[in-house]
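Engineer: Input file: entry.cif. Contents: mmCIF, C-alpha atoms.
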data_coords
#
loop_
_atom_site.group_PDB
_atom_site.id
_atom_site.type_symbol
_atom_site.label_atom_id
_atom_site.label_comp_id
_atom_site.auth_asym_id
_atom_site.auth_seq_id
_atom_site.Cartn_x
_atom_site.Cartn_y
_atom_site.Cartn_z
ATOM 1 C CA MET A 1 26.766 33.371 4.150
ATOM 2 C CA ASP A 2 28.819 34.947 6.881
ATOM 3 C CA ALA A 3 28.451 34.100 10.573
ATOM 4 C CA ALA A 4 25.762 36.709 11.185
ATOM 5 C CA GLU A 5 23.673 35.525 8.261
ATOM 6 C CA ARG A 6 23.738 31.936 9.504
ATOM 7 C CA VAL A 7 21.581 32.869 12.517
ATOM 8 C CA LEU A 8 18.327 31.922 10.828
ATOM 9 C CA ALA A 9 14.832 31.762 12.284
ATOM 10 C CA TYR A 10 14.488 29.325 15.201
ATOM 11 C CA GLY A 11 18.254 29.404 15.842
ATOM 12 C CA GLY A 12 20.559 31.578 17.935
ATOM 13 C CA GLY A 13 18.374 31.302 21.016
ATOM 14 C CA TRP A 14 19.101 33.068 24.278
ATOM 15 C CA LEU A 15 18.841 30.008 26.515
ATOM 16 C CA GLU A 16 21.770 28.254 28.127
ATOM 17 C CA ARG A 17 20.549 24.673 27.878
ATOM 18 C CA ALA A 18 22.219 23.767 31.192
ATOM 19 C CA GLY A 19 22.412 20.052 30.511
ATOM 20 C CA ALA A 20 23.943 19.310 33.909
ATOM 21 C CA LEU A 21 20.742 20.440 35.642
ATOM 22 C CA ARG A 22 18.546 17.980 33.774
ATOM 23 C CA THR A 23 19.494 15.095 36.059
ATOM 24 C CA ASP A 24 19.204 17.134 39.268
ATOM 25 C CA ALA A 25 15.562 16.455 40.118
ATOM 26 C CA ALA A 26 15.684 18.297 43.448
ATOM 27 C CA ARG A 27 17.105 21.425 41.814
ATOM 28 C CA LEU A 28 14.512 21.333 39.032
ATOM 29 C CA ASP A 29 11.704 20.987 41.579
ATOM 30 C CA ALA A 30 13.074 24.009 43.420
ATOM 31 C CA LEU A 31 13.289 26.027 40.218
ATOM 32 C CA LEU A 32 9.672 25.224 39.414
ATOM 33 C CA THR A 33 8.607 27.069 42.571
ATOM 34 C CA ASP A 34 11.062 29.950 42.185
ATOM 35 C CA PRO A 35 9.085 33.198 41.711
ATOM 36 C CA THR A 36 11.395 34.291 38.900
ATOM 37 C CA THR A 37 10.907 31.125 36.835
ATOM 38 C CA VAL A 38 9.177 31.445 33.451
ATOM 39 C CA VAL A 39 6.933 28.737 31.979
ATOM 40 C CA LEU A 40 5.881 28.667 28.319
ATOM 41 C CA PRO A 41 2.512 26.941 27.788
ATOM 42 C CA LEU A 42 1.772 25.170 24.489
ATOM 43 C CA TRP A 43 -1.243 23.332 23.148
ATOM 44 C CA ARG A 44 -0.875 20.676 20.436
ATOM 45 C CA ASP A 45 2.258 22.242 18.947
ATOM 46 C CA ARG A 46 0.840 25.768 19.113
ATOM 47 C CA CYS A 47 1.900 28.751 21.184
ATOM 48 C CA LEU A 48 -0.688 30.090 23.589
ATOM 49 C CA VAL A 49 -0.745 33.848 23.059
ATOM 50 C CA ASP A 50 -2.400 36.941 24.482
ATOM 51 C CA GLY A 51 -2.646 40.416 22.983
ATOM 52 C CA VAL A 52 1.098 40.966 23.337
ATOM 53 C CA GLY A 53 2.582 37.663 22.200
ATOM 54 C CA PRO A 54 3.313 34.167 23.562
ATOM 55 C CA VAL A 55 2.222 33.809 27.185
ATOM 56 C CA ARG A 56 5.028 33.599 29.747
ATOM 57 C CA LEU A 57 3.704 32.287 33.052
ATOM 58 C CA THR A 58 5.307 32.961 36.402
ATOM 59 C CA ALA A 59 5.845 30.010 38.733
ATOM 60 C CA GLU A 60 2.814 30.915 40.867
ATOM 61 C CA ARG A 61 0.398 30.841 37.948
ATOM 62 C CA ALA A 62 2.204 27.909 36.392
ATOM 63 C CA SER A 63 1.626 25.635 39.393
ATOM 64 C CA LEU A 64 -2.058 25.405 38.467
ATOM 65 C CA VAL A 65 -1.273 24.962 34.785
ATOM 66 C CA ARG A 66 1.270 22.218 35.486
ATOM 67 C CA SER A 67 -1.348 20.194 37.341
ATOM 68 C CA ALA A 68 -3.214 19.847 34.040
ATOM 69 C CA ALA A 69 -0.129 19.445 31.846
ATOM 70 C CA ALA A 70 0.752 16.201 30.129
ATOM 71 C CA GLU A 71 4.451 17.086 30.377
ATOM 72 C CA THR A 72 6.657 19.732 31.926
ATOM 73 C CA VAL A 73 10.111 20.110 30.364
ATOM 74 C CA PHE A 74 13.145 22.147 31.334
ATOM 75 C CA LEU A 75 14.399 24.285 28.456
ATOM 76 C CA GLY A 76 17.324 26.016 30.137
ATOM 77 C CA LEU A 77 18.442 29.226 31.796
ATOM 78 C CA ASP A 78 18.006 32.819 30.711
ATOM 79 C CA GLY A 79 20.796 34.243 32.858
ATOM 80 C CA ASP A 80 19.672 33.214 36.363
ATOM 81 C CA VAL A 81 16.055 32.629 35.324
ATOM 82 C CA ALA A 82 14.888 29.077 34.655
ATOM 83 C CA VAL A 83 12.646 28.516 31.641
ATOM 84 C CA PHE A 84 10.277 25.557 31.363
ATOM 85 C CA ALA A 85 7.515 24.577 28.929
ATOM 86 C CA VAL A 86 4.271 22.737 29.625
ATOM 87 C CA ASP A 87 2.029 20.773 27.276
ATOM 88 C CA LEU A 88 -1.710 21.361 27.694
ATOM 89 C CA SER A 89 -2.658 19.130 24.768
ATOM 90 C CA GLY A 90 -4.811 16.932 27.003
ATOM 91 C CA LEU A 91 -7.300 19.782 27.378
ATOM 92 C CA SER A 92 -9.687 21.185 24.831
ATOM 93 C CA GLU A 93 -8.394 24.285 23.084
ATOM 94 C CA PRO A 94 -10.779 26.657 24.931
ATOM 95 C CA ALA A 95 -9.839 25.094 28.281
ATOM 96 C CA ALA A 96 -6.101 25.371 27.545
ATOM 97 C CA VAL A 97 -6.461 28.987 26.423
ATOM 98 C CA GLU A 98 -8.420 29.907 29.551
ATOM 99 C CA MET A 99 -6.085 28.092 31.940
ATOM 100 C CA ALA A 100 -3.018 29.828 30.500
ATOM 101 C CA GLY A 101 -4.668 33.252 30.521
ATOM 102 C CA ALA A 102 -4.298 33.386 26.751
ATOM 103 C CA THR A 103 -6.612 34.483 23.963
ATOM 104 C CA ARG A 104 -5.838 31.852 21.329
ATOM 105 C CA ALA A 105 -3.425 29.154 20.135
ATOM 106 C CA VAL A 106 -1.197 29.995 17.152
ATOM 107 C CA ASP A 107 1.536 28.176 15.217
ATOM 108 C CA VAL A 108 4.902 29.784 15.886
ATOM 109 C CA ARG A 109 5.499 29.919 12.119
ATOM 110 C CA ALA A 110 2.613 32.383 11.840
ATOM 111 C CA LEU A 111 4.190 34.560 14.538
ATOM 112 C CA VAL A 112 7.882 34.412 13.674
ATOM 113 C CA GLY A 113 7.925 37.720 11.791
ATOM 114 C CA ARG A 114 6.609 39.509 14.879
ATOM 115 C CA LEU A 115 8.710 37.732 17.498
ATOM 116 C CA ASP A 116 12.177 38.521 18.732
ATOM 117 C CA PRO A 117 14.404 35.857 17.103
ATOM 118 C CA ALA A 118 15.396 34.427 20.470
ATOM 119 C CA ASP A 119 11.752 34.108 21.544
ATOM 120 C CA ALA A 120 10.943 32.326 18.282
ATOM 121 C CA ALA A 121 13.844 29.949 18.944
ATOM 122 C CA ALA A 122 12.576 29.157 22.449
ATOM 123 C CA GLN A 123 9.020 28.545 21.245
ATOM 124 C CA ALA A 124 10.235 26.251 18.467
ATOM 125 C CA TYR A 125 12.508 24.388 20.910
ATOM 126 C CA ALA A 126 9.564 23.861 23.276
ATOM 127 C CA ARG A 127 7.330 22.785 20.404
ATOM 128 C CA GLY A 128 9.757 20.160 19.158
ATOM 129 C CA LEU A 129 10.464 18.701 22.583
ATOM 130 C CA LEU A 130 6.829 18.500 23.654
ATOM 131 C CA HIS A 131 5.816 16.987 20.308
ATOM 132 C CA TRP A 132 8.411 14.252 20.816
ATOM 133 C CA HIS A 133 6.951 13.406 24.230
ATOM 134 C CA ARG A 134 3.476 12.934 22.769
ATOM 135 C CA GLN A 135 4.861 10.625 20.070
ATOM 136 C CA GLN A 136 7.184 8.591 22.331
ATOM 137 C CA ARG A 137 4.877 7.398 25.090
ATOM 138 C CA TYR A 138 5.829 3.752 24.569
ATOM 139 C CA CYS A 139 9.014 1.835 23.968
ATOM 140 C CA GLY A 140 9.456 0.794 20.355
ATOM 141 C CA THR A 141 11.347 -2.338 21.426
ATOM 142 C CA CYS A 142 9.024 -3.999 23.953
ATOM 143 C CA GLY A 143 5.908 -1.807 23.932
ATOM 144 C CA ALA A 144 6.017 -0.894 27.617
ATOM 145 C CA ALA A 145 5.210 2.625 28.756
ATOM 146 C CA ALA A 146 8.092 5.101 28.566
ATOM 147 C CA VAL A 147 8.502 7.433 31.531
ATOM 148 C CA ALA A 148 9.819 10.979 31.168
ATOM 149 C CA GLY A 149 12.961 12.044 33.035
ATOM 150 C CA GLY A 150 16.070 14.133 32.673
ATOM 151 C CA GLY A 151 14.118 17.367 32.779
ATOM 152 C CA GLY A 152 12.110 16.167 29.808
ATOM 153 C CA HIS A 153 15.090 15.251 27.622
ATOM 154 C CA VAL A 154 14.882 11.469 27.953
ATOM 155 C CA ARG A 155 12.221 8.803 28.396
ATOM 156 C CA THR A 156 12.960 5.440 29.978
ATOM 157 C CA CYS A 157 11.199 2.206 29.106
ATOM 158 C CA SER A 158 9.411 0.851 32.171
ATOM 159 C CA GLY A 159 9.675 -2.758 30.983
ATOM 160 C CA ALA A 160 11.399 -4.875 33.640
ATOM 161 C CA GLU A 161 13.597 -6.644 31.114
ATOM 162 C CA CYS A 162 14.170 -3.686 28.814
ATOM 163 C CA GLY A 163 14.767 -0.283 30.408
ATOM 164 C CA ARG A 164 15.772 1.253 27.083
ATOM 165 C CA LEU A 165 16.651 4.954 27.120
ATOM 166 C CA LEU A 166 14.806 6.961 24.486
ATOM 167 C CA PHE A 167 16.087 10.358 23.345
ATOM 168 C CA PRO A 168 14.585 12.990 21.057
ATOM 169 C CA ARG A 169 15.381 12.254 17.433
ATOM 170 C CA ILE A 170 16.432 14.767 14.803
ATOM 171 C CA GLU A 171 15.486 14.211 11.144
ATOM 172 C CA PRO A 172 18.171 15.861 8.967
ATOM 173 C CA ALA A 173 17.306 17.109 5.508
ATOM 174 C CA ILE A 174 19.376 18.782 2.831
ATOM 175 C CA ILE A 175 18.211 21.845 0.900
ATOM 176 C CA VAL A 176 20.166 22.888 -2.158
ATOM 177 C CA LEU A 177 20.538 25.895 -4.413
ATOM 178 C CA VAL A 178 21.608 24.306 -7.699
ATOM 179 C CA GLU A 179 23.507 26.512 -10.168
ATOM 180 C CA ALA A 180 23.800 26.091 -13.926
ATOM 181 C CA PRO A 181 27.175 25.538 -15.599
ATOM 182 C CA GLY A 182 28.729 28.521 -17.329
ATOM 183 C CA SER A 183 27.044 31.799 -18.259
ATOM 184 C CA PRO A 184 24.547 33.313 -17.823
ATOM 185 C CA GLU A 185 24.339 32.484 -14.116
ATOM 186 C CA ARG A 186 21.084 30.743 -13.283
ATOM 187 C CA CYS A 187 19.651 28.643 -10.468
ATOM 188 C CA LEU A 188 17.305 25.671 -10.618
ATOM 189 C CA LEU A 189 13.924 25.949 -8.908
ATOM 190 C CA ALA A 190 11.131 23.420 -8.911
ATOM 191 C CA ARG A 191 7.409 23.163 -8.305
ATOM 192 C CA HIS A 192 6.727 20.464 -5.752
ATOM 193 C CA ALA A 193 3.707 18.177 -5.677
ATOM 194 C CA GLY A 194 0.834 20.009 -4.029
ATOM 195 C CA ALA A 195 2.283 23.458 -4.706
ATOM 196 C CA ALA A 196 0.272 26.060 -6.581
ATOM 197 C CA ALA A 197 0.993 26.729 -10.226
ATOM 198 C CA GLY A 198 3.978 29.041 -10.541
ATOM 199 C CA ALA A 199 5.166 28.370 -6.972
ATOM 200 C CA TYR A 200 8.846 27.480 -7.243
ATOM 201 C CA SER A 201 11.402 26.720 -4.540
ATOM 202 C CA THR A 202 14.792 25.151 -4.058
ATOM 203 C CA LEU A 203 15.238 21.366 -4.038
ATOM 204 C CA ALA A 204 15.361 19.416 -0.793
ATOM 205 C CA GLY A 205 15.126 15.929 0.660
ATOM 206 C CA PHE A 206 15.709 13.827 3.739
ATOM 207 C CA VAL A 207 19.026 12.185 4.543
ATOM 208 C CA GLU A 208 18.788 8.394 4.521
ATOM 209 C CA VAL A 209 20.448 5.837 6.792
ATOM 210 C CA GLY A 210 24.075 5.290 5.853
ATOM 211 C CA GLU A 211 24.400 8.556 3.926
ATOM 212 C CA SER A 212 26.609 11.556 4.469
ATOM 213 C CA LEU A 213 25.028 14.951 3.857
ATOM 214 C CA GLU A 214 26.939 15.192 0.579
ATOM 215 C CA ASP A 215 25.713 11.758 -0.509
ATOM 216 C CA ALA A 216 22.148 12.864 0.185
ATOM 217 C CA VAL A 217 22.593 15.986 -1.949
ATOM 218 C CA ARG A 218 23.857 13.962 -4.909
ATOM 219 C CA ARG A 219 21.144 11.302 -4.593
ATOM 220 C CA GLU A 220 18.217 13.668 -4.099
ATOM 221 C CA MET A 221 19.196 15.938 -6.985
ATOM 222 C CA ALA A 222 19.598 12.926 -9.275
ATOM 223 C CA GLU A 223 16.359 11.247 -8.171
ATOM 224 C CA GLU A 224 14.095 14.288 -8.198
ATOM 225 C CA ALA A 225 15.501 16.452 -11.001
ATOM 226 C CA GLY A 226 17.749 14.112 -12.959
ATOM 227 C CA VAL A 227 20.825 16.325 -12.510
ATOM 228 C CA THR A 228 24.365 15.395 -11.495
ATOM 229 C CA VAL A 229 25.810 17.919 -9.067
ATOM 230 C CA THR A 230 29.427 18.824 -8.336
ATOM 231 C CA ASP A 231 31.253 21.507 -6.349
ATOM 232 C CA LEU A 232 29.125 21.104 -3.232
ATOM 233 C CA ALA A 233 29.554 23.919 -0.702
ATOM 234 C CA TYR A 234 27.982 23.985 2.767
ATOM 235 C CA GLN A 235 26.023 27.194 3.413
ATOM 236 C CA GLY A 236 24.551 26.818 6.889
ATOM 237 C CA SER A 237 21.961 24.929 8.912
ATOM 238 C CA GLN A 238 18.640 25.691 10.509
ATOM 239 C CA ALA A 239 16.677 24.164 13.347
ATOM 240 C CA TRP A 240 13.287 23.177 11.923
ATOM 241 C CA PRO A 241 11.330 21.470 14.725
ATOM 242 C CA PHE A 242 8.185 20.936 12.662
ATOM 243 C CA PRO A 243 8.253 18.388 14.114
ATOM 244 C CA ALA A 244 11.923 17.357 14.301
ATOM 245 C CA GLY A 245 13.861 18.616 11.325
ATOM 246 C CA LEU A 246 17.337 20.006 10.844
ATOM 247 C CA MET A 247 17.736 21.757 7.486
ATOM 248 C CA VAL A 248 21.274 21.711 6.086
ATOM 249 C CA GLY A 249 21.864 24.130 3.225
ATOM 250 C CA PHE A 250 24.216 23.641 0.272
ATOM 251 C CA ARG A 251 25.064 25.233 -3.032
ATOM 252 C CA ALA A 252 26.058 22.964 -5.896
ATOM 253 C CA ARG A 253 26.761 23.183 -9.606
ATOM 254 C CA VAL A 254 25.639 20.814 -12.331
ATOM 255 C CA ALA A 255 27.629 19.418 -15.242
ATOM 256 C CA SER A 256 24.681 19.716 -17.645
ATOM 257 C CA GLU A 257 21.597 21.917 -17.513
ATOM 258 C CA GLU A 258 19.322 19.121 -18.767
ATOM 259 C CA VAL A 259 16.577 18.494 -16.205
ATOM 260 C CA ARG A 260 14.300 15.458 -15.853
ATOM 261 C CA VAL A 261 11.853 15.746 -12.960
ATOM 262 C CA ASP A 262 10.539 12.596 -11.337
ATOM 263 C CA GLY A 263 6.882 13.629 -11.726
ATOM 264 C CA VAL A 264 6.147 12.460 -8.196
ATOM 265 C CA GLU A 265 7.844 14.809 -5.753
ATOM 266 C CA LEU A 266 8.621 17.419 -8.400
ATOM 267 C CA LEU A 267 6.118 18.332 -11.084
ATOM 268 C CA GLU A 268 8.334 20.726 -13.010
ATOM 269 C CA ALA A 269 11.689 22.468 -12.727
ATOM 270 C CA ARG A 270 13.317 25.298 -14.659
ATOM 271 C CA TRP A 271 16.331 27.574 -14.626
ATOM 272 C CA PHE A 272 15.948 31.164 -13.397
ATOM 273 C CA SER A 273 18.267 34.103 -13.995
ATOM 274 C CA ARG A 274 18.670 36.772 -11.347
ATOM 275 C CA ALA A 275 16.630 39.168 -13.482
ATOM 276 C CA GLU A 276 13.758 36.679 -13.582
ATOM 277 C CA LEU A 277 13.869 36.197 -9.815
ATOM 278 C CA ARG A 278 13.822 39.958 -9.282
ATOM 279 C CA GLU A 279 10.755 40.167 -11.526
ATOM 280 C CA ARG A 280 9.047 37.529 -9.402
ATOM 281 C CA VAL A 281 9.847 39.433 -6.214
ATOM 282 C CA ALA A 282 8.550 42.671 -7.762
ATOM 283 C CA ALA A 283 5.342 40.850 -8.678
ATOM 284 C CA GLY A 284 4.826 39.854 -5.052
ATOM 285 C CA ARG A 285 6.083 36.264 -5.228
ATOM 286 C CA PRO A 286 8.305 35.577 -2.217
ATOM 287 C CA LEU A 287 11.635 33.771 -2.409
ATOM 288 C CA GLY A 288 10.541 30.755 -0.389
ATOM 289 C CA ARG A 289 9.232 30.945 3.190
ATOM 290 C CA VAL A 290 10.591 34.050 4.873
ATOM 291 C CA ASP A 291 11.505 32.030 7.987
ATOM 292 C CA SER A 292 13.305 29.292 6.061
ATOM 293 C CA ILE A 293 16.890 28.727 4.964
ATOM 294 C CA ASP A 294 15.345 28.341 1.496
ATOM 295 C CA HIS A 295 14.721 32.101 1.509
ATOM 296 C CA GLN A 296 18.245 32.775 2.739
ATOM 297 C CA LEU A 297 19.852 30.649 0.027
ATOM 298 C CA LEU A 298 17.906 32.428 -2.702
ATOM 299 C CA SER A 299 18.391 35.913 -1.270
ATOM 300 C CA THR A 300 22.128 35.398 -0.925
ATOM 301 C CA TRP A 301 22.424 34.105 -4.497
ATOM 302 C CA LEU A 302 20.307 36.955 -5.814
ATOM 303 C CA ALA A 303 22.469 39.554 -4.057
ATOM 304 C CA ALA A 304 25.710 38.032 -5.361
ATOM 305 C CA GLY A 305 25.483 39.272 -8.946
ATOM 306 C CA ASP A 306 23.817 41.516 -11.476
#
Please go through the file and, once you have read it, give me the structure as structure tokens.
Structural biologist:
Amino acid sequence: MDAAERVLAYGGGWLERAGALRTDAARLDALLTDPTTVVLPLWRDRCLVDGVGPVRLTAERASLVRSAAAETVFLGLDGDVAVFAVDLSGLSEPAAVEMAGATRAVDVRALVGRLDPADAAAQAYARGLLHWHRQQRYCGTCGAAAVAGGGGHVRTCSGAECGRLLFPRIEPAIIVLVEAPGSPERCLLARHAGAAAGAYSTLAGFVEVGESLEDAVRREMAEEAGVTVTDLAYQGSQAWPFPAGLMVGFRARVASEEVRVDGVELLEARWFSRAELRERVAAGRPLGRVDSIDHQLLSTWLAAGD
């Protein structure tokens, strides 16, 4: 993939994250009352939308909304305009929708095809950060309450003898397009546990403690599909805050085309030629989720040959 192709859904956002402002409480308070400021309201990981798209509140309207919000976080700057997000998860869904002047609450993944890429990136960013706040209300070391600060990018343990700083965590995962040795050129796709019959996708897995990304690729491919991969090549990465993922894409080649699925995470796996993938597309079967790097890996491979 070239540089342009690496700007996948939920990446390439328009916000300057302005990290230096996060510790300037007085400046953030002033920005929250600035008439040009924009506030994105969310409810339990969902965008609050009206007939046009995700609601963007002005500071005047947002002052009422913020009084009911569990958290208010600073996302960054759009030029000279500050952008915040608020979490209305403490309200019922109808109450949150009404307070935000919205019509309903929708997962950003259901909207991504209709959103400007930068807007999708901002909504996903807000979703991931607000989700972390709801999950990190207490210190994992001493159990004391953790208090939000830093514009919403850190929580501090309130325990008198602890005071641990808690930061949002990212959960990296690898996703791999595995290619067969020799000719004809084929790629390995698998049906995961819980997937419908005939629903195939690339192989993926989480990176474990003490592993490099490359180590994770080799281990996951061996554990799930029983294949030994070589010639690893990085393809790109994608923010995946559902709730806290980072998808790292690779291509790799195997020494032998023998496949032995684990029967737990993968139920079956088989090799596909480009002609077979094109037949699947023509029959209305998508190449992975359209908003995922999975789709990009498959589309790029499909376009690379006859």
Engineer: Show me, as an NGL selection string, the residues that have an atom within 10 Å of Ala193 of chain A when counting all atoms listed in the file, minus same-chain residues fewer than 6 positions from it.
Structural biologist: :A and (263-268)
Engineer: Starting from the displayed file, determine the output of the PyMOL selection byres ((chain A and resi 298) around 10) and express the residue list as a PyMOL selection string.
Structural biologist: chain A and resi 176-177+187+189+201-202+274+277+287-288+293-297+299-304
Engineer: Starting from the displayed file, determine the output of the PyMOL selection byres ((chain A and resi 182) around 12) and express the residue list as a short mmCIF file (atom, residue, chain, number, x, y, z; two decimals) with C-alpha atoms, in the coordinates of the input.
Structural biologist:
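Saved as out-v5.cif:
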data_model
loop_
_atom_site.label_atom_id
_atom_site.label_comp_id
_atom_site.auth_asym_id
_atom_site.auth_seq_id
_atom_site.Cartn_x
_atom_site.Cartn_y
_atom_site.Cartn_z
CA GLU A 179 23.51 26.51 -10.17
CA ALA A 180 23.80 26.09 -13.93
CA PRO A 181 27.18 25.54 -15.60
CA SER A 183 27.04 31.80 -18.26
CA PRO A 184 24.55 33.31 -17.82
CA GLU A 185 24.34 32.48 -14.12
CA ARG A 186 21.08 30.74 -13.28
CA CYS A 187 19.65 28.64 -10.47
CA ARG A 253 26.76 23.18 -9.61
CA VAL A 254 25.64 20.81 -12.33
CA ALA A 255 27.63 19.42 -15.24
CA SER A 256 24.68 19.72 -17.64
CA GLU A 257 21.60 21.92 -17.51
#
Engineer: Ranking A:Cys162, A:Ala190, A:Leu77, A:Ile174 by minimum distance to Arg260 of chain A and counting all atoms listed in the file, which one comes first?
Structural biologist: A:Ala190
Engineer: Around the point (5.4, 33.7, 18.4) (coordinates from the file), which residues reach within 9 Å if we count all atoms listed in the file? Answer as a short mmCIF file (atom, residue, chain, number, x, y, z; two decimals) with C-alpha atoms, in the coordinates of the input.
Structural biologist:
data_model
loop_
_atom_site.label_atom_id
_atom_site.label_comp_id
_atom_site.auth_asym_id
_atom_site.auth_seq_id
_atom_site.Cartn_x
_atom_site.Cartn_y
_atom_site.Cartn_z
CA CYS A 47 1.90 28.75 21.18
CA LEU A 48 -0.69 30.09 23.59
CA VAL A 49 -0.74 33.85 23.06
CA GLY A 53 2.58 37.66 22.20
CA PRO A 54 3.31 34.17 23.56
CA VAL A 106 -1.20 30.00 17.15
CA ASP A 107 1.54 28.18 15.22
CA VAL A 108 4.90 29.78 15.89
CA ARG A 109 5.50 29.92 12.12
CA ALA A 110 2.61 32.38 11.84
CA LEU A 111 4.19 34.56 14.54
CA VAL A 112 7.88 34.41 13.67
CA GLY A 113 7.92 37.72 11.79
CA ARG A 114 6.61 39.51 14.88
CA LEU A 115 8.71 37.73 17.50
CA ASP A 116 12.18 38.52 18.73
CA ASP A 119 11.75 34.11 21.54
CA ALA A 120 10.94 32.33 18.28
CA GLN A 123 9.02 28.54 21.24
CA ALA A 124 10.24 26.25 18.47
#
Engineer: What is the distance, in Å and to one decimal place, between atom CA of Val178 of chain A and atom CA of Val229 of chain A?
Structural biologist: 7.8 Å
Engineer: Residue by residue, what does the PyMOL selection byres ((chain A and resi 216) around 10) grab here? Present the result as a VMD selection string.
Structural biologist: chain A and resid 173 to 175 204 to 215 217 to 222
Engineer: Given 4 Å of margin on each side, can you work out the centre and size in Å (one decimal) of an axis-aligned box holding every listed atom of segment 93-103 of chain A, as lines of an AutoDock Vina configuration file?
Structural biologist:
center_x = -6.9
center_y = 29.4
center_z = 27.5
size_x = 15.8
size_y = 18.2
size_z = 16.9
Engineer: Find the residues around segment 88-94 of chain A up to 12 Å (only C-alpha atoms counted), leave out those fewer than 2 positions away in its own chain, and share them as a CSV table (one decimal) with C-alpha atoms, keeping the file's coordinate frame.
Structural biologist:
chain,number,residue,atom,x,y,z
A,40,LEU,CA,5.9,28.7,28.3
A,41,PRO,CA,2.5,26.9,27.8
A,42,LEU,CA,1.8,25.2,24.5
A,43,TRP,CA,-1.2,23.3,23.1
A,44,ARG,CA,-0.9,20.7,20.4
A,45,ASP,CA,2.3,22.2,18.9
A,46,ARG,CA,0.8,25.8,19.1
A,47,CYS,CA,1.9,28.8,21.2
A,48,LEU,CA,-0.7,30.1,23.6
A,62,ALA,CA,2.2,27.9,36.4
A,64,LEU,CA,-2.1,25.4,38.5
A,65,VAL,CA,-1.3,25.0,34.8
A,66,ARG,CA,1.3,22.2,35.5
A,67,SER,CA,-1.3,20.2,37.3
A,68,ALA,CA,-3.2,19.8,34.0
A,69,ALA,CA,-0.1,19.4,31.8
A,70,ALA,CA,0.8,16.2,30.1
A,71,GLU,CA,4.5,17.1,30.4
A,72,THR,CA,6.7,19.7,31.9
A,85,ALA,CA,7.5,24.6,28.9
A,86,VAL,CA,4.3,22.7,29.6
A,96,ALA,CA,-6.1,25.4,27.5
A,97,VAL,CA,-6.5,29.0,26.4
A,98,GLU,CA,-8.4,29.9,29.6
A,99,MET,CA,-6.1,28.1,31.9
A,100,ALA,CA,-3.0,29.8,30.5
A,101,GLY,CA,-4.7,33.3,30.5
A,102,ALA,CA,-4.3,33.4,26.8
A,103,THR,CA,-6.6,34.5,24.0
A,104,ARG,CA,-5.8,31.9,21.3
A,105,ALA,CA,-3.4,29.2,20.1
A,106,VAL,CA,-1.2,30.0,17.2
A,127,ARG,CA,7.3,22.8,20.4
A,130,LEU,CA,6.8,18.5,23.7
A,131,HIS,CA,5.8,17.0,20.3
A,133,HIS,CA,7.0,13.4,24.2
A,134,ARG,CA,3.5,12.9,22.8
Engineer: From the list A:Ala82, A:Ala148, A:Ala160, A:Ala225, which residue is nearest Leu15 of chain A when using all atoms listed in the file?
Structural biologist: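 Using all atoms listed in the file, Leu15 of chain A sits closest to A:Ala82.
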Engineer: Can you pull out every residue within 12 Å of segment 135-143 of chain A, counting all atoms listed in the file, but drop anything in the same chain fewer than 4 positions away, and send it as a VMD selection string?
Structural biologist: chain A and resid 44 to 45 70 to 71 128 to 131 147 to 148 152 to 169 243 to 244
